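Visitor: Here you go, this is my_file17.txt (compact mmCIF, C-alpha atoms).
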```txt
# COMPACT_ATOMS: atom_id res chain seq x y z
CA MET A 1 96.65 91.27 72.06
CA GLN A 2 99.56 90.45 74.36
CA GLN A 3 99.05 86.79 75.23
CA ILE A 4 100.35 86.86 78.81
CA THR A 5 99.41 89.77 81.05
CA PRO A 6 100.90 90.41 84.51
CA PHE A 7 98.02 90.63 87.01
CA LEU A 8 98.65 92.63 90.19
CA TRP A 9 96.56 92.31 93.37
CA TYR A 10 95.88 95.41 95.48
CA ASP A 11 93.78 96.25 98.50
CA GLY A 12 91.81 99.15 97.03
CA GLN A 13 94.85 100.87 95.48
CA ALA A 14 94.74 99.53 91.92
CA GLU A 15 93.97 102.79 90.11
CA GLU A 16 96.26 104.83 92.36
CA ALA A 17 99.16 102.45 91.76
CA ALA A 18 98.55 102.33 88.00
CA ARG A 19 98.56 106.13 87.75
CA PHE A 20 101.78 106.28 89.78
CA TYR A 21 103.55 103.71 87.58
CA THR A 22 102.41 105.27 84.31
CA SER A 23 103.78 108.63 85.46
CA LEU A 24 107.27 107.08 85.63
CA PHE A 25 107.77 105.30 82.32
CA LYS A 26 107.75 106.28 78.65
CA ASN A 27 104.93 105.19 76.34
CA SER A 28 102.66 104.42 79.29
CA SER A 29 98.96 104.94 79.87
CA VAL A 30 95.98 104.02 82.03
CA ASP A 31 93.60 102.40 79.57
CA SER A 32 90.47 101.59 81.60
CA VAL A 33 89.23 101.94 85.15
CA ASN A 34 86.32 100.39 87.02
CA PRO A 35 85.84 99.68 90.73
CA MET A 36 87.41 96.22 90.40
CA VAL A 37 90.05 96.33 87.65
CA THR A 38 92.38 98.96 86.21
CA THR A 39 94.20 98.16 82.97
CA PHE A 40 97.37 100.04 82.07
CA GLN A 41 100.53 99.90 79.97
CA LEU A 42 104.15 100.55 80.91
CA ASN A 43 106.29 101.18 77.85
CA GLY A 44 103.86 99.06 75.83
CA LEU A 45 103.65 96.13 78.28
CA GLN A 46 100.04 95.55 79.36
CA PHE A 47 99.08 95.04 83.00
CA ASN A 48 95.88 94.41 84.95
CA ALA A 49 95.51 95.68 88.52
CA LEU A 50 92.78 94.23 90.73
CA ASN A 51 91.17 95.63 93.87
CA GLY A 52 91.09 92.16 95.36
CA GLY A 53 91.23 92.95 99.08
CA PRO A 54 93.73 92.18 101.85
CA GLN A 55 94.12 88.42 101.24
CA PHE A 56 97.39 88.56 99.26
CA LYS A 57 100.46 90.78 99.53
CA PHE A 58 103.32 91.14 97.06
CA THR A 59 106.54 89.26 97.79
CA ASN A 60 110.02 89.44 96.33
CA ALA A 61 109.43 86.13 94.54
CA ILE A 62 108.29 88.06 91.46
CA SER A 63 109.66 91.48 90.61
CA LEU A 64 109.66 93.76 87.60
CA PHE A 65 113.14 93.99 86.09
CA VAL A 66 113.64 97.28 84.22
CA THR A 67 116.63 97.98 81.98
CA PHE A 68 117.78 101.56 81.34
CA THR A 69 120.32 103.15 79.01
CA SER A 70 120.36 106.49 80.87
CA PHE A 71 121.85 107.12 84.30
CA ASP A 72 119.59 110.16 84.75
CA GLU A 73 116.44 108.11 84.07
CA ILE A 74 117.40 105.29 86.39
CA ASP A 75 118.24 107.82 89.13
CA GLU A 76 114.91 109.63 88.77
CA ILE A 77 112.75 106.50 88.72
CA TRP A 78 114.70 105.07 91.66
CA LYS A 79 113.96 108.26 93.60
CA GLN A 80 110.23 107.87 92.91
CA LEU A 81 110.05 104.14 93.66
CA THR A 82 111.97 104.43 96.93
CA ASP A 83 109.72 107.23 98.23
CA GLY A 84 107.72 105.38 100.89
CA GLY A 85 109.22 102.07 99.77
CA THR A 86 111.78 99.62 101.14
CA ILE A 87 115.27 99.37 99.67
CA LEU A 88 116.57 95.80 99.33
CA MET A 89 119.82 96.64 97.51
CA GLU A 90 121.05 100.22 97.21
CA LEU A 91 121.33 101.78 93.76
CA ASN A 92 125.04 101.44 93.13
CA GLU A 93 127.70 99.95 90.87
CA TYR A 94 128.00 96.15 91.08
CA PRO A 95 130.08 93.57 89.18
CA TRP A 96 127.07 92.82 86.93
CA SER A 97 126.05 96.42 86.20
CA LYS A 98 127.36 99.97 86.30
CA LYS A 99 124.18 100.83 88.17
CA TYR A 100 121.67 98.49 89.80
CA GLY A 101 119.17 98.64 92.68
CA TRP A 102 116.32 96.59 94.14
CA VAL A 103 113.35 98.15 95.91
CA ASN A 104 109.82 97.38 97.03
CA ASP A 105 107.65 100.41 96.27
CA LYS A 106 105.12 101.97 98.63
CA TYR A 107 102.49 99.44 97.48
CA GLY A 108 104.82 96.50 98.10
CA LEU A 109 105.54 95.67 94.45
CA SER A 110 109.16 94.65 93.88
CA TRP A 111 111.37 96.34 91.25
CA GLN A 112 114.92 95.73 90.04
CA LEU A 113 116.49 98.61 88.11
CA PHE A 114 119.45 97.78 85.86
CA PHE A 115 121.70 99.83 83.60
CA GLY A 116 122.07 97.92 80.35
CA GLU A 117 121.43 97.98 76.62
CA LYS A 118 117.63 98.07 76.21
CA ASP A 119 115.90 101.31 77.08
CA GLN A 120 113.14 100.84 79.68
CA GLN A 121 112.53 97.20 78.85
CA ILE A 122 110.27 95.81 81.58
CA ALA A 123 110.18 92.07 82.27
CA PRO A 124 108.74 89.94 85.10
CA LEU A 125 111.49 88.13 86.99
CA LEU A 126 110.77 84.94 88.96
CA LEU A 127 113.03 84.18 91.93
CA PHE A 128 113.18 80.51 92.92
CA VAL A 129 113.98 80.09 96.63
CA LYS A 130 113.33 77.71 99.53
CA GLU A 131 111.74 74.48 98.27
CA GLN A 132 111.72 75.89 94.72
CA PHE A 133 115.48 76.44 94.65
CA GLY A 134 116.82 74.26 91.86
CA ASN A 135 113.58 74.33 89.87
CA ALA A 136 114.16 77.40 87.73
CA GLU A 137 115.43 75.49 84.71
CA ALA A 138 112.55 72.99 84.86
CA ALA A 139 110.09 75.88 85.05
CA ILE A 140 111.67 77.67 82.09
CA ASN A 141 111.64 74.44 80.09
CA LEU A 142 107.95 73.95 80.85
CA TYR A 143 106.92 77.50 80.02
CA THR A 144 108.90 77.70 76.78
CA SER A 145 107.41 74.37 75.69
CA LEU A 146 103.85 75.68 76.13
CA PHE A 147 103.88 78.90 74.16
CA GLU A 148 104.72 79.48 70.52
CA ASN A 149 107.66 81.73 69.61
CA SER A 150 109.42 80.92 72.88
CA GLU A 151 113.06 80.26 73.68
CA LYS A 152 115.81 80.60 76.26
CA THR A 153 117.93 83.58 75.31
CA THR A 154 120.43 83.77 78.20
CA VAL A 155 121.44 81.26 80.88
CA THR A 156 124.15 82.07 83.44
CA ARG A 157 124.97 79.41 86.01
CA PHE A 158 126.62 79.81 89.42
CA GLY A 159 129.68 77.87 88.31
CA GLU A 160 132.67 76.58 90.23
CA ALA A 161 132.74 79.54 92.62
CA TYR A 162 129.65 78.03 94.30
CA PRO A 163 130.43 74.38 95.17
CA GLY A 164 127.29 72.28 95.24
CA PHE A 165 125.35 74.82 93.17
CA GLU A 166 127.51 74.92 90.05
CA ASN A 167 124.67 74.10 87.66
CA ASN A 168 121.96 76.18 89.30
CA ILE A 169 120.70 79.20 87.39
CA GLN A 170 122.10 82.47 88.65
CA TYR A 171 120.27 84.42 85.95
CA ALA A 172 118.25 83.50 82.88
CA ALA A 173 116.25 85.36 80.27
CA TYR A 174 113.64 83.71 78.05
CA THR A 175 110.74 84.61 75.82
CA LEU A 176 107.16 83.35 75.85
CA ASN A 177 105.39 84.19 72.61
CA ASP A 178 107.98 86.94 72.10
CA GLN A 179 107.44 88.44 75.58
CA THR A 180 110.56 88.71 77.73
CA PHE A 181 110.71 86.98 81.12
CA MET A 182 113.59 86.40 83.52
CA ALA A 183 114.46 83.99 86.31
CA MET A 184 116.97 83.72 89.14
CA GLU A 185 117.66 81.26 91.95
CA SER A 186 118.97 81.86 95.46
CA GLN A 187 120.16 79.28 97.95
CA MET A 188 120.04 81.84 100.77
CA GLU A 189 117.36 81.81 103.46
CA HIS A 190 114.25 83.73 102.42
CA ASN A 191 110.88 84.10 104.11
CA PHE A 192 108.81 84.43 100.93
CA THR A 193 107.63 82.42 97.97
CA PHE A 194 105.25 82.77 95.02
CA ASN A 195 101.63 83.70 95.75
CA GLU A 196 98.49 85.03 94.06
CA ALA A 197 99.39 88.72 94.49
CA PHE A 198 101.38 88.55 91.25
CA SER A 199 99.86 86.18 88.70
CA PHE A 200 99.81 85.84 84.91
CA VAL A 201 96.69 85.90 82.74
CA ILE A 202 96.82 83.72 79.64
CA HIS A 203 94.42 85.07 77.03
CA CYS A 204 92.86 82.16 75.13
CA LYS A 205 90.98 82.26 71.84
CA ASN A 206 88.68 79.33 72.54
CA GLN A 207 87.94 76.31 74.74
CA GLN A 208 90.63 74.26 73.05
CA GLU A 209 93.29 76.72 74.17
CA VAL A 210 91.81 76.92 77.68
CA ASP A 211 91.96 73.13 77.99
CA TYR A 212 95.51 73.00 76.64
CA TYR A 213 97.07 75.56 79.00
CA TRP A 214 95.01 74.47 82.00
CA ASN A 215 95.87 70.79 81.66
CA LYS A 216 99.57 71.44 81.02
CA LEU A 217 99.96 73.83 83.95
CA ILE A 218 98.19 71.69 86.56
CA ALA A 219 100.03 68.52 85.54
CA ASP A 220 102.45 66.81 87.94
CA GLY A 221 101.43 68.62 91.09
CA GLY A 222 99.70 71.83 90.05
CA GLN A 223 96.58 72.98 91.91
CA GLU A 224 93.21 74.03 90.51
CA SER A 225 91.50 77.03 92.04
CA GLN A 226 88.31 78.96 91.31
CA CYS A 227 87.33 81.22 88.41
CA GLY A 228 90.08 80.20 86.01
CA TRP A 229 92.92 80.44 88.55
CA LEU A 230 95.52 77.75 89.13
CA LYS A 231 98.97 77.24 90.56
CA ASP A 232 101.52 75.28 88.59
CA LYS A 233 103.79 72.72 90.27
CA PHE A 234 106.31 75.48 91.05
CA GLY A 235 103.72 77.58 92.92
CA VAL A 236 103.38 80.27 90.24
CA SER A 237 99.79 81.52 89.82
CA TRP A 238 98.10 81.71 86.41
CA GLN A 239 94.65 82.68 85.15
CA VAL A 240 93.51 80.86 82.00
CA ILE A 241 90.84 83.09 80.49
CA PRO A 242 88.95 82.76 77.17
CA SER A 243 88.10 85.89 75.21
CA LEU A 244 84.44 84.84 75.43
CA LEU A 245 84.45 85.47 79.19
CA ILE A 246 85.62 89.08 78.74
CA GLN A 247 83.07 89.57 75.96
CA LEU A 248 80.14 88.26 77.99
CA LEU A 249 81.08 90.09 81.18
CA GLY A 250 81.19 93.31 79.17
CA ASP A 251 77.70 92.83 77.69
CA LYS A 252 75.64 96.01 77.88
CA ASP A 253 72.72 93.89 79.03
CA ARG A 254 73.55 93.75 82.73
CA GLU A 255 71.32 90.74 83.34
CA LYS A 256 73.33 88.73 80.81
CA ALA A 257 76.60 89.92 82.34
CA ASP A 258 75.37 89.07 85.84
CA ARG A 259 74.32 85.57 84.77
CA THR A 260 77.75 85.09 83.22
CA MET A 261 79.45 86.20 86.42
CA LYS A 262 77.38 83.84 88.57
CA ALA A 263 78.21 80.93 86.27
CA MET A 264 81.91 81.77 86.26
CA LEU A 265 82.01 81.89 90.07
CA GLN A 266 80.92 78.23 90.13
CA MET A 267 83.77 77.11 87.87
CA LYS A 268 87.37 76.08 88.31
CA LYS A 269 88.47 75.72 84.70
CA ILE A 270 86.39 78.06 82.56
CA ASP A 271 83.78 76.27 80.41
CA CYS A 272 82.87 78.42 77.39
CA GLN A 273 79.69 76.47 76.56
CA LYS A 274 78.30 76.89 80.08
CA LEU A 275 79.19 80.58 80.06
CA GLN A 276 77.29 81.10 76.81
CA GLN A 277 74.32 79.16 78.11
CA ALA A 278 74.24 81.21 81.30
CA SER A 279 74.45 84.45 79.33
CA ASP A 280 71.55 83.31 77.15
CA GLY A 281 69.50 82.38 80.20
CA LYS A 282 69.46 78.66 79.42
```
Once you've parsed the file, please lay out its structure as structure tokens.

Guide:
Amino acid sequence: MQQITPFLWYDGQAEEAARFYTSLFKNSSVDSVNPMVTTFQLNGLQFNALNGGPQFKFTNAISLFVTFTSFDEIDEIWKQLTDGGTILMELNEYPWSKKYGWVNDKYGLSWQLFFGEKDQQIAPLLLFVKEQFGNAEAAINLYTSLFENSEKTTVTRFGEAYPGFENNIQYAAYTLNDQTFMAMESQMEHNFTFNEAFSFVIHCKNQQEVDYYWNKLIADGGQESQCGWLKDKFGVSWQVIPSLLIQLLGDKDREKADRTMKAMLQMKKIDCQKLQQASDGK
């Protein structure tokens, strides 16, 4: 299983959005649907979409960066994503790409389309602005230290053309357990930051892994929340979830599943022993 899964928060539109996205990209599918959660894949990358309600809305702090090798494909997907959406940067030629555009789709999710060398590669991109400007490198260092098979692959700094910001990260790519992620920083004024609308689920094998990721991510200023959610010190939201929780919530015995759910709702960090006890009625 993919260890880190992007988790998208919708107000009743999770299945609709998933079916729209999977109609756009190769090797994509809607895998499961229930009233709360829709799971789907875009070119092999797994996503969860939640009908969470109106509390959180997507911002430009996290977008999906998609690389194309075909002008026709990028044009067609741009046409679909801009229908009912909001264009942030027109699809055009720029110094960094023969074709690039940035758009928020009709559901508010942010996309950056880029003509490059990897066909329909999709990667979450974190944009560090406001009080988080200057923290991108520290965040990348933290994340790559936590997960196996992780490394920085590309780091481009602003350089001498931007006095005072020479060493800040203009663009970076990195892998977390062989999954591609990206990061950028902007010193410009922005009215958004990270929030719970776009979070990352860490799938854990056992309590030891839950404890490890939870404790590392809340260290030095992170914030615990309910039901396995937390924010790290940079404001990025994570869900640290053991496989046992998914197993028990999916039990065909609805009483067991309901007891598990009630126990989970009382927790911050997930406690596997207490979940099992609740499922067993102890």

Visitor: Would you list the residues near (105.6, 82.2, 76.3), meaning any protein, DNA or RNA residue with an atom at most 9 Å from that point in file coordinates, counting all atoms listed in the file, as number ranges by chain?

Guide: A: 3-4, 143-151, 174-181

Visitor: Output C-alpha atoms for every residue in that selection, as a PDB file, in the frame of the given file.

Guide:
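To be explicit, this is the file written out as selection26.pdb:
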```pdb
ATOM      1  CA  GLN A   3      99.050  86.790  75.230  1.00  0.00           C
ATOM      2  CA  ILE A   4     100.350  86.860  78.810  1.00  0.00           C
ATOM      3  CA  TYR A 143     106.920  77.500  80.020  1.00  0.00           C
ATOM      4  CA  THR A 144     108.900  77.700  76.780  1.00  0.00           C
ATOM      5  CA  SER A 145     107.410  74.370  75.690  1.00  0.00           C
ATOM      6  CA  LEU A 146     103.850  75.680  76.130  1.00  0.00           C
ATOM      7  CA  PHE A 147     103.880  78.900  74.160  1.00  0.00           C
ATOM      8  CA  GLU A 148     104.720  79.480  70.520  1.00  0.00           C
ATOM      9  CA  ASN A 149     107.660  81.730  69.610  1.00  0.00           C
ATOM     10  CA  SER A 150     109.420  80.920  72.880  1.00  0.00           C
ATOM     11  CA  GLU A 151     113.060  80.260  73.680  1.00  0.00           C
ATOM     12  CA  TYR A 174     113.640  83.710  78.050  1.00  0.00           C
ATOM     13  CA  THR A 175     110.740  84.610  75.820  1.00  0.00           C
ATOM     14  CA  LEU A 176     107.160  83.350  75.850  1.00  0.00           C
ATOM     15  CA  ASN A 177     105.390  84.190  72.610  1.00  0.00           C
ATOM     16  CA  ASP A 178     107.980  86.940  72.100  1.00  0.00           C
ATOM     17  CA  GLN A 179     107.440  88.440  75.580  1.00  0.00           C
ATOM     18  CA  THR A 180     110.560  88.710  77.730  1.00  0.00           C
ATOM     19  CA  PHE A 181     110.710  86.980  81.120  1.00  0.00           C
TER      20      PHE A 181
END
```

Visitor: With all atoms listed in the file as the counted atoms, please give the residues lying no more than 10 Å from A:Gln170, apart from itself and same-chain residues fewer than 3 positions off, as a list in words.

Guide: Leu127, Ala136, Val155, Thr156, Arg157, Phe158, Gly159, Phe165, Glu166, Asn167, Ala183, Met184, Glu185 and Ser186 of chain A

Visitor: Tell me, as number ranges by chain, which residues lie within 10 Å of A:Asp280, counting all atoms listed in the file; anything in the same chain fewer than 2 positions away does not count.

Guide: A: 248, 255-257, 259-260, 274-278, 282

Visitor: Generate the output file for the selected residues, C-alpha atoms, as a PDB file, in the frame of the given file.

Guide:
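The file below, result_37.pdb, is the result:
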```
ATOM      1  CA  LEU A 248      80.140  88.260  77.990  1.00  0.00           C
ATOM      2  CA  GLU A 255      71.320  90.740  83.340  1.00  0.00           C
ATOM      3  CA  LYS A 256      73.330  88.730  80.810  1.00  0.00           C
ATOM      4  CA  ALA A 257      76.600  89.920  82.340  1.00  0.00           C
ATOM      5  CA  ARG A 259      74.320  85.570  84.770  1.00  0.00           C
ATOM      6  CA  THR A 260      77.750  85.090  83.220  1.00  0.00           C
ATOM      7  CA  LYS A 274      78.300  76.890  80.080  1.00  0.00           C
ATOM      8  CA  LEU A 275      79.190  80.580  80.060  1.00  0.00           C
ATOM      9  CA  GLN A 276      77.290  81.100  76.810  1.00  0.00           C
ATOM     10  CA  GLN A 277      74.320  79.160  78.110  1.00  0.00           C
ATOM     11  CA  ALA A 278      74.240  81.210  81.300  1.00  0.00           C
ATOM     12  CA  LYS A 282      69.460  78.660  79.420  1.00  0.00           C
TER      13      LYS A 282
END
```

Visitor: If you measure from atom CA of A:Pro124 to atom CA of A:Leu64, what distance in Å do you get, rounded to one decimal?

Guide: 4.7 Å

Visitor: Restricting the calculation to all atoms listed in the file, which member of A:Gln208, A:Asn168, A:Asn34, A:Ser199 is positioned closest to A:Phe56?

Guide: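 Looking only at the distances to A:Phe56, the closest residue turns out to be A:Ser199.
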
Visitor: Write out as number ranges by chain the residues lying within 10 Å of stretch 44-46 of chain A, counting only C-alpha atoms and excluding same-chain residues fewer than 5 positions away.

Guide: A: 1-7, 25-31, 39, 121-123, 179

Visitor: Could you tell me how far atom CA of A:Ala139 sits from atom CA of A:Ile218, in Å to one decimal place?

Guide: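 These atoms are spaced 12.7 Å apart.
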
Visitor: Excluding same-chain residues fewer than 5 positions from A:Thr154, what lies within 9 Å of it counting all atoms listed in the file, as a PyMOL selection string?

Guide: chain A and resi 171-174

Visitor: Taking the partial coordinates given, rebuild stretch 86-103 of chain A to contain N, CA, C and O atoms; return it as a compact mmCIF listing (two decimals), in the frame of the given file.

Guide:
```
# COMPACT_ATOMS: atom_id res chain seq x y z
N THR A 86 110.76 100.31 100.36
CA THR A 86 111.78 99.62 101.14
C THR A 86 112.92 99.21 100.22
O THR A 86 112.71 98.45 99.26
N ILE A 87 114.11 99.69 100.50
CA ILE A 87 115.27 99.37 99.67
C ILE A 87 115.83 98.01 100.08
O ILE A 87 116.11 97.77 101.25
N LEU A 88 115.99 97.13 99.10
CA LEU A 88 116.57 95.80 99.33
C LEU A 88 118.05 95.79 98.98
O LEU A 88 118.85 95.14 99.67
N MET A 89 118.42 96.45 97.89
CA MET A 89 119.82 96.64 97.51
C MET A 89 119.96 98.07 97.00
O MET A 89 119.20 98.50 96.11
N GLU A 90 120.88 98.83 97.57
CA GLU A 90 121.05 100.22 97.21
C GLU A 90 121.41 100.38 95.73
O GLU A 90 122.11 99.52 95.15
N LEU A 91 120.95 101.46 95.14
CA LEU A 91 121.33 101.78 93.76
C LEU A 91 122.81 102.13 93.75
O LEU A 91 123.24 103.11 94.38
N ASN A 92 123.59 101.29 93.06
CA ASN A 92 125.04 101.44 93.13
C ASN A 92 125.67 100.68 91.96
O ASN A 92 124.97 100.01 91.19
N GLU A 93 126.98 100.74 91.86
CA GLU A 93 127.70 99.95 90.87
C GLU A 93 128.00 98.58 91.46
O GLU A 93 128.42 98.45 92.62
N TYR A 94 127.75 97.53 90.66
CA TYR A 94 128.00 96.15 91.08
C TYR A 94 128.77 95.45 89.97
O TYR A 94 128.84 95.96 88.83
N PRO A 95 129.32 94.27 90.23
CA PRO A 95 130.08 93.57 89.18
C PRO A 95 129.25 93.30 87.93
O PRO A 95 129.81 93.21 86.83
N TRP A 96 127.92 93.17 88.07
CA TRP A 96 127.07 92.82 86.93
C TRP A 96 126.45 94.04 86.25
O TRP A 96 125.78 93.90 85.23
N SER A 97 126.65 95.23 86.82
CA SER A 97 126.05 96.42 86.20
C SER A 97 126.71 97.69 86.73
O SER A 97 127.07 97.77 87.92
N LYS A 98 126.84 98.68 85.86
CA LYS A 98 127.36 99.97 86.30
C LYS A 98 126.42 100.67 87.26
O LYS A 98 126.84 101.53 88.04
N LYS A 99 125.15 100.29 87.21
CA LYS A 99 124.18 100.83 88.17
C LYS A 99 123.03 99.85 88.29
O LYS A 99 122.42 99.45 87.30
N TYR A 100 122.72 99.47 89.53
CA TYR A 100 121.67 98.49 89.80
C TYR A 100 121.11 98.76 91.20
O TYR A 100 121.84 99.13 92.12
N GLY A 101 119.79 98.55 91.36
CA GLY A 101 119.17 98.64 92.68
C GLY A 101 117.90 97.82 92.72
O GLY A 101 117.28 97.55 91.69
N TRP A 102 117.51 97.42 93.93
CA TRP A 102 116.32 96.59 94.14
C TRP A 102 115.49 97.23 95.24
O TRP A 102 116.01 97.51 96.33
N VAL A 103 114.20 97.45 94.95
CA VAL A 103 113.35 98.15 95.91
C VAL A 103 111.92 97.61 95.85
O VAL A 103 111.46 97.20 94.78
```
